[in-house]
Amino acid sequence: MICNNIGINAKGHLTFAGQDTTELAAQYGTPLYLIDENKIREKMSTYVKAMKENFGENALPLYASKALCFKKIYKIANEEHMGVDAVSPGEIYTALQAGFPMEKVYFHGNNKTDADIEFAIENRIGYFICDNLDELDAIDEIAGKHGIKQKIIFRLTPGIDPHTHVKISTGKVDSKFGIAIETGQAEEAIKIALGKKNIELCGYHCHIGSQTFDIKPFVDGAEIMLKFIAHIKEVLGYEAHILNLGGGMGVKYVESDPEIDYAANIKGIADMMKKRSAELGINMPLVLMEPGRSIVADAGMTLYTVGGTKEIPGYKNYVSIDGGMTDNPRYTLYEAAYTIKLANKADKAPEKEYTVGGRCCESGDLIQEHVMLPTAKKGDILAVMTTGAYNYSMASNYNRIPRPPVVMLKDGESYVAVRRESYADLMLNDL
Ligand code: LLP
């Protein structure tokens, strides 16, 4: 199986976190997001442990909460000693409601409005990951109004191509995020930041992209950042003490994807950084990372009920499900690969190739193509694996389809973390 929390029981049913998925589908209805709480805790503690061991006690992984965001996740992140990367006041508000300590929140985004900045400062957010000079001015002004010196980290683009999908590649020079090192603009920006009265510049950030399997782009990116720290120390006399390396380590979605050893990757980056810092004559910075997908993706599974099936002789076979691009837009957006099974026929051999279609009025509403399954019938439960990241958090109400609930699985028990949206919820803001 694609992950060690998936199995098949004596009834031939698919299990997730040790529980029968067909029973969960019957109990909670479909479509249904399942989240394996222990898997999330295991992944968080892998990062915490590996980072402290390799980078030192103060190193901190920040959970990139855009990957999967609701109150309970922030409570888990706090209990597992993570910080948090938030990209909007909505995420910050959710973290606040969950009692997450604001000093461990790092506020991202390439276009924070003045109102966003005000909201974050009022709530005494730990750090801004400052994207550009307009934002720097706004933070300086608003921090001054509140009588505080705001800690910031500058987001820089190291000019690395991580060879992932173009829509999730972010570290190149022509990115909409951050300030380029290559063009000299980053150096200018640091100079300006150092002159701001209400700003405390703490260091630099880079994020090269998402779903990256190879460790090389991370190592190369970190090295470019270290060289930049050394360069700025030399020309401006300022030595950054924080280096945030972003997120982006990949996840195994299908059998052909490689298995990733996150702790070994962290060690690889740390080994290079220790060596290069010494060679460059700078102190080893305090290291932050921002894993999202690699924390939550394989903690998730989505269950659907099969409705119609359609065989078009000489063309293809369709199986239609009661969800689709509204709960998982990733195939529509990125042609993202997923492993799919029929949960009630998990022990049966695949017989036919299917296109899995969603229920939206839109031909592009597909979850996957070329999927081999046992013959599908109305009422079967179709399971899509590894949906913990960027599924619930990217869900929409297109076609006025209510979002599915999020049910957490833990130690043989299950509980609702986010309830199913009702039709009335859909009209909450309609006047
Ligand atoms: N840090 C920054 C600054 C980011 O922009 C991202 C992701 C992360 C951390 C977390 O990256 P991760 O560890 O999850 O790869 N919706 C797309 C992914 C977009 C990623 C956006 N930024 C998808 O479904 O694949």
# chains A, B, ... in the order shown; residues from 1 in each chain; ligands from 1
$ residues_around --residues "Ile73 of chain A" --least-positions-apart "4" --cutoff "9 Å" --atoms "only C-alpha atoms" --output "compact mmCIF listing (two decimals) with N, CA, C and O atoms, in the first residue's frame"
# COMPACT_ATOMS: atom_id res chain seq x y z
N ILE A 40 -0.33 12.51 11.59
CA ILE A 40 0.09 13.92 11.63
C ILE A 40 1.08 14.14 12.78
O ILE A 40 2.13 14.77 12.61
N SER A 65 0.15 25.94 7.36
CA SER A 65 -1.24 25.55 7.61
C SER A 65 -2.16 25.72 6.40
O SER A 65 -3.29 25.27 6.43
N LEU A 68 -3.71 22.27 5.27
CA LEU A 68 -4.93 21.71 5.89
C LEU A 68 -5.19 22.58 7.11
O LEU A 68 -4.38 22.57 8.05
N CYS A 69 -6.28 23.31 7.06
CA CYS A 69 -6.50 24.32 8.11
C CYS A 69 -7.86 24.20 8.76
O CYS A 69 -8.88 24.34 8.09
N ALA A 77 -0.62 21.00 16.35
CA ALA A 77 0.69 21.60 16.07
C ALA A 77 1.30 22.16 17.35
O ALA A 77 2.50 22.02 17.59
N ASN A 78 0.48 22.78 18.17
CA ASN A 78 0.97 23.35 19.43
C ASN A 78 1.44 22.24 20.36
O ASN A 78 2.53 22.31 20.93
N ALA A 95 -6.02 30.10 14.12
CA ALA A 95 -4.98 29.75 15.09
C ALA A 95 -5.26 30.39 16.45
O ALA A 95 -5.14 29.74 17.50
N ALA A 98 -7.87 28.66 18.29
CA ALA A 98 -7.40 27.35 18.78
C ALA A 98 -6.43 27.53 19.95
O ALA A 98 -5.91 26.56 20.48
$ closest_atom_pairs --of "chain A" --to "ligand 1" --cutoff "7 Å" --atoms "only C-alpha atoms and all ligand atoms" --output "Markdown table"
| residue | atom | partner | partner_atom_place_in_ligand_line | distance |
| --- | --- | --- | --- | --- |
| A:Ala64 | CA | ligand 1 | 10 (C) | 5.1 |
| A:Ala67 | CA | ligand 1 | 14 (O) | 5.7 |
| A:His108 | CA | ligand 1 | 3 (C) | 6.7 |
| A:Ile168 | CA | ligand 1 | 19 (C) | 5.2 |
| A:His207 | CA | ligand 1 | 3 (C) | 5.2 |
| A:Gly209 | CA | ligand 1 | 15 (O) | 6.6 |
| A:Ser210 | CA | ligand 1 | 15 (O) | 3.6 |
| A:Gln211 | CA | ligand 1 | 15 (O) | 5.2 |
| A:Gly246 | CA | ligand 1 | 1 (N) | 4.4 |
| A:Gly247 | CA | ligand 1 | 13 (O) | 3.8 |
| A:Gly248 | CA | ligand 1 | 15 (O) | 3.3 |
| A:Met249 | CA | ligand 1 | 13 (O) | 5.5 |
| A:Gly250 | CA | ligand 1 | 15 (O) | 6.6 |
| A:Glu290 | CA | ligand 1 | 9 (C) | 4.6 |
| A:Pro291 | CA | ligand 1 | 13 (O) | 3.7 |
| A:Gly292 | CA | ligand 1 | 14 (O) | 3.4 |
| A:Arg293 | CA | ligand 1 | 14 (O) | 3.6 |
| A:Ser294 | CA | ligand 1 | 13 (O) | 5.8 |
| A:Arg330 | CA | ligand 1 | 24 (O) | 5.7 |
| A:Ala389 | CA | ligand 1 | 24 (O) | 6.9 |
| A:Tyr390 | CA | ligand 1 | 24 (O) | 4.6 |
$ select_by_dssp --residues "segment 77-299 of chain A" --states "strand (DSSP E or B)" --output "JSON, numbers by chain"
{"A": [83, 84, 85, 86, 105, 106, 107, 127, 128, 129, 130, 150, 151, 152, 153, 154, 155, 156, 157, 169, 179, 180, 199, 200, 201, 202, 203, 204, 205, 209, 212, 242, 243, 244, 249, 286, 287, 288, 289]}
$ residues_around --residues "segment 19-30 of chain A" --least-positions-apart "5" --cutoff "9 Å" --atoms "only C-alpha atoms" --output "NGL selection string"
:A and (8-9 or 13-14 or 302-305 or 322-323 or 343-344 or 381 or 383 or 404-405 or 407 or 409 or 412-414 or 416)
$ write_last_selection --atoms "all heavy atoms" --output "short mmCIF file (atom, residue, chain, number, x, y, z; two decimals), in the first residue's frame"
data_model
loop_
_atom_site.label_atom_id
_atom_site.label_comp_id
_atom_site.auth_asym_id
_atom_site.auth_seq_id
_atom_site.Cartn_x
_atom_site.Cartn_y
_atom_site.Cartn_z
N ILE A 8 -6.01 -3.80 4.30
CA ILE A 8 -7.24 -4.51 3.90
C ILE A 8 -7.59 -5.45 5.04
O ILE A 8 -6.71 -6.17 5.53
CB ILE A 8 -7.02 -5.31 2.59
CG1 ILE A 8 -6.62 -4.36 1.45
CG2 ILE A 8 -8.28 -6.11 2.22
CD1 ILE A 8 -6.25 -5.06 0.15
N ASN A 9 -8.85 -5.46 5.50
CA ASN A 9 -9.20 -6.34 6.62
C ASN A 9 -9.76 -7.68 6.14
O ASN A 9 -9.84 -7.93 4.93
CB ASN A 9 -10.14 -5.62 7.61
CG ASN A 9 -11.49 -5.28 6.98
OD1 ASN A 9 -11.85 -5.83 5.93
ND2 ASN A 9 -12.24 -4.40 7.62
N HIS A 13 -12.26 -5.32 3.05
CA HIS A 13 -12.51 -3.87 2.98
C HIS A 13 -11.22 -3.09 3.24
O HIS A 13 -10.36 -3.53 3.99
CB HIS A 13 -13.54 -3.45 4.04
CG HIS A 13 -14.89 -4.03 3.82
ND1 HIS A 13 -15.90 -3.97 4.76
CD2 HIS A 13 -15.43 -4.67 2.74
CE1 HIS A 13 -16.98 -4.57 4.28
NE2 HIS A 13 -16.72 -5.00 3.06
N LEU A 14 -11.18 -1.92 2.63
CA LEU A 14 -10.03 -1.04 2.83
C LEU A 14 -10.07 -0.48 4.26
O LEU A 14 -11.14 -0.05 4.73
CB LEU A 14 -10.13 0.11 1.83
CG LEU A 14 -8.92 1.00 1.70
CD1 LEU A 14 -7.79 0.26 0.95
CD2 LEU A 14 -9.29 2.28 0.94
N THR A 302 -10.01 10.36 1.16
CA THR A 302 -11.37 10.84 0.91
C THR A 302 -12.23 9.67 0.43
O THR A 302 -11.79 8.89 -0.41
CB THR A 302 -11.38 11.96 -0.14
OG1 THR A 302 -10.41 12.94 0.24
CG2 THR A 302 -12.74 12.63 -0.23
N LEU A 303 -13.43 9.56 0.99
CA LEU A 303 -14.36 8.50 0.59
C LEU A 303 -15.53 9.11 -0.17
O LEU A 303 -16.07 10.15 0.23
CB LEU A 303 -14.89 7.76 1.82
CG LEU A 303 -13.85 7.12 2.74
CD1 LEU A 303 -14.56 6.43 3.92
CD2 LEU A 303 -12.98 6.11 1.98
N TYR A 304 -15.92 8.45 -1.23
CA TYR A 304 -17.06 8.88 -2.04
C TYR A 304 -17.96 7.67 -2.28
O TYR A 304 -17.51 6.52 -2.20
CB TYR A 304 -16.61 9.35 -3.43
CG TYR A 304 -15.60 10.48 -3.44
CD1 TYR A 304 -14.23 10.21 -3.54
CD2 TYR A 304 -16.01 11.81 -3.38
CE1 TYR A 304 -13.29 11.23 -3.58
CE2 TYR A 304 -15.07 12.84 -3.41
CZ TYR A 304 -13.72 12.54 -3.52
OH TYR A 304 -12.80 13.57 -3.55
N THR A 305 -19.21 7.94 -2.64
CA THR A 305 -20.09 6.85 -3.08
C THR A 305 -20.21 6.92 -4.60
O THR A 305 -20.39 8.00 -5.17
CB THR A 305 -21.48 6.98 -2.43
OG1 THR A 305 -21.32 6.95 -1.02
CG2 THR A 305 -22.40 5.84 -2.86
N ASP A 322 -19.92 11.16 -5.76
CA ASP A 322 -20.76 12.22 -5.18
C ASP A 322 -19.96 13.44 -4.70
O ASP A 322 -20.46 14.25 -3.93
CB ASP A 322 -21.64 11.65 -4.05
CG ASP A 322 -20.85 10.92 -2.98
OD1 ASP A 322 -19.61 10.75 -3.14
OD2 ASP A 322 -21.46 10.49 -1.98
N GLY A 323 -18.71 13.54 -5.13
CA GLY A 323 -17.90 14.74 -4.85
C GLY A 323 -17.21 15.12 -6.14
O GLY A 323 -17.73 14.88 -7.22
N ALA A 343 -13.26 0.77 -1.89
CA ALA A 343 -13.04 0.37 -0.49
C ALA A 343 -13.74 -0.94 -0.13
O ALA A 343 -13.23 -1.73 0.65
CB ALA A 343 -13.52 1.49 0.43
N ASN A 344 -14.90 -1.17 -0.73
CA ASN A 344 -15.65 -2.40 -0.42
C ASN A 344 -15.21 -3.58 -1.29
O ASN A 344 -15.70 -4.68 -1.13
CB ASN A 344 -17.16 -2.16 -0.57
CG ASN A 344 -17.53 -1.59 -1.93
OD1 ASN A 344 -16.82 -0.73 -2.45
ND2 ASN A 344 -18.61 -2.07 -2.52
N ILE A 381 -18.00 2.14 -2.55
CA ILE A 381 -17.31 3.26 -1.90
C ILE A 381 -15.94 3.42 -2.56
O ILE A 381 -15.14 2.47 -2.58
CB ILE A 381 -17.13 3.00 -0.38
CG1 ILE A 381 -18.49 2.81 0.30
CG2 ILE A 381 -16.35 4.15 0.27
CD1 ILE A 381 -19.42 4.01 0.22
N ALA A 383 -12.34 5.19 -2.71
CA ALA A 383 -11.41 5.86 -1.80
C ALA A 383 -10.26 6.48 -2.58
O ALA A 383 -9.64 5.81 -3.40
CB ALA A 383 -10.86 4.86 -0.78
N PRO A 404 -17.62 18.59 2.45
CA PRO A 404 -17.73 17.40 3.31
C PRO A 404 -17.17 17.67 4.71
O PRO A 404 -16.39 18.61 4.89
CB PRO A 404 -16.84 16.36 2.60
CG PRO A 404 -16.52 16.91 1.26
CD PRO A 404 -16.67 18.39 1.35
N PRO A 405 -17.52 16.83 5.66
CA PRO A 405 -16.95 16.98 7.01
C PRO A 405 -15.53 16.43 7.05
O PRO A 405 -15.13 15.66 6.19
CB PRO A 405 -17.86 16.11 7.87
CG PRO A 405 -18.37 15.07 6.94
CD PRO A 405 -18.44 15.70 5.58
N VAL A 407 -13.38 14.12 9.42
CA VAL A 407 -13.47 13.20 10.55
C VAL A 407 -12.07 12.71 10.90
O VAL A 407 -11.33 12.25 10.03
CB VAL A 407 -14.42 12.01 10.21
CG1 VAL A 407 -14.27 10.89 11.23
CG2 VAL A 407 -15.86 12.51 10.17
N LEU A 409 -9.39 10.30 12.86
CA LEU A 409 -9.27 8.93 13.36
C LEU A 409 -8.10 8.91 14.34
O LEU A 409 -7.02 9.39 14.04
CB LEU A 409 -8.98 7.97 12.20
CG LEU A 409 -9.94 8.05 11.01
CD1 LEU A 409 -9.52 7.05 9.93
CD2 LEU A 409 -11.38 7.78 11.45
N GLY A 412 -8.26 3.95 17.12
CA GLY A 412 -9.46 3.12 16.97
C GLY A 412 -10.77 3.89 17.14
O GLY A 412 -11.85 3.33 16.96
N GLU A 413 -10.69 5.18 17.47
CA GLU A 413 -11.90 6.00 17.63
C GLU A 413 -11.98 6.99 16.47
O GLU A 413 -10.98 7.24 15.80
CB GLU A 413 -11.84 6.81 18.93
CG GLU A 413 -11.56 6.02 20.18
CD GLU A 413 -12.81 5.35 20.72
OE1 GLU A 413 -13.87 6.00 20.66
OE2 GLU A 413 -12.73 4.19 21.18
N SER A 414 -13.16 7.59 16.30
CA SER A 414 -13.28 8.65 15.29
C SER A 414 -14.10 9.80 15.88
O SER A 414 -14.94 9.58 16.75
CB SER A 414 -13.97 8.12 14.04
OG SER A 414 -15.26 7.63 14.35
N VAL A 416 -15.65 14.05 14.80
CA VAL A 416 -15.79 15.09 13.78
C VAL A 416 -14.99 16.32 14.20
O VAL A 416 -15.19 16.85 15.29
CB VAL A 416 -17.29 15.48 13.61
CG1 VAL A 416 -17.44 16.57 12.55
CG2 VAL A 416 -18.13 14.27 13.23
#
$ residues_around --residues "Glu182 of chain A" --least-positions-apart "5" --cutoff "10 Å" --atoms "only C-alpha atoms" --output "list in words"
Leu156, Thr157, Pro158, Gly159, Val173 and Glu187 of chain A
$ select_by_dssp --residues "segment 33-126 of chain A" --states "helix (DSSP H, G or I)" --output "NGL selection string"
:A and (37-55 or 65-67 or 71-79 or 89-97 or 102-104 or 114-122)
$ closest_residue --among "A:Ile229, A:Ala417, A:Met325, A:Leu286" --to "Phe70 of chain A" --atoms "only C-alpha atoms"
A:Ala417
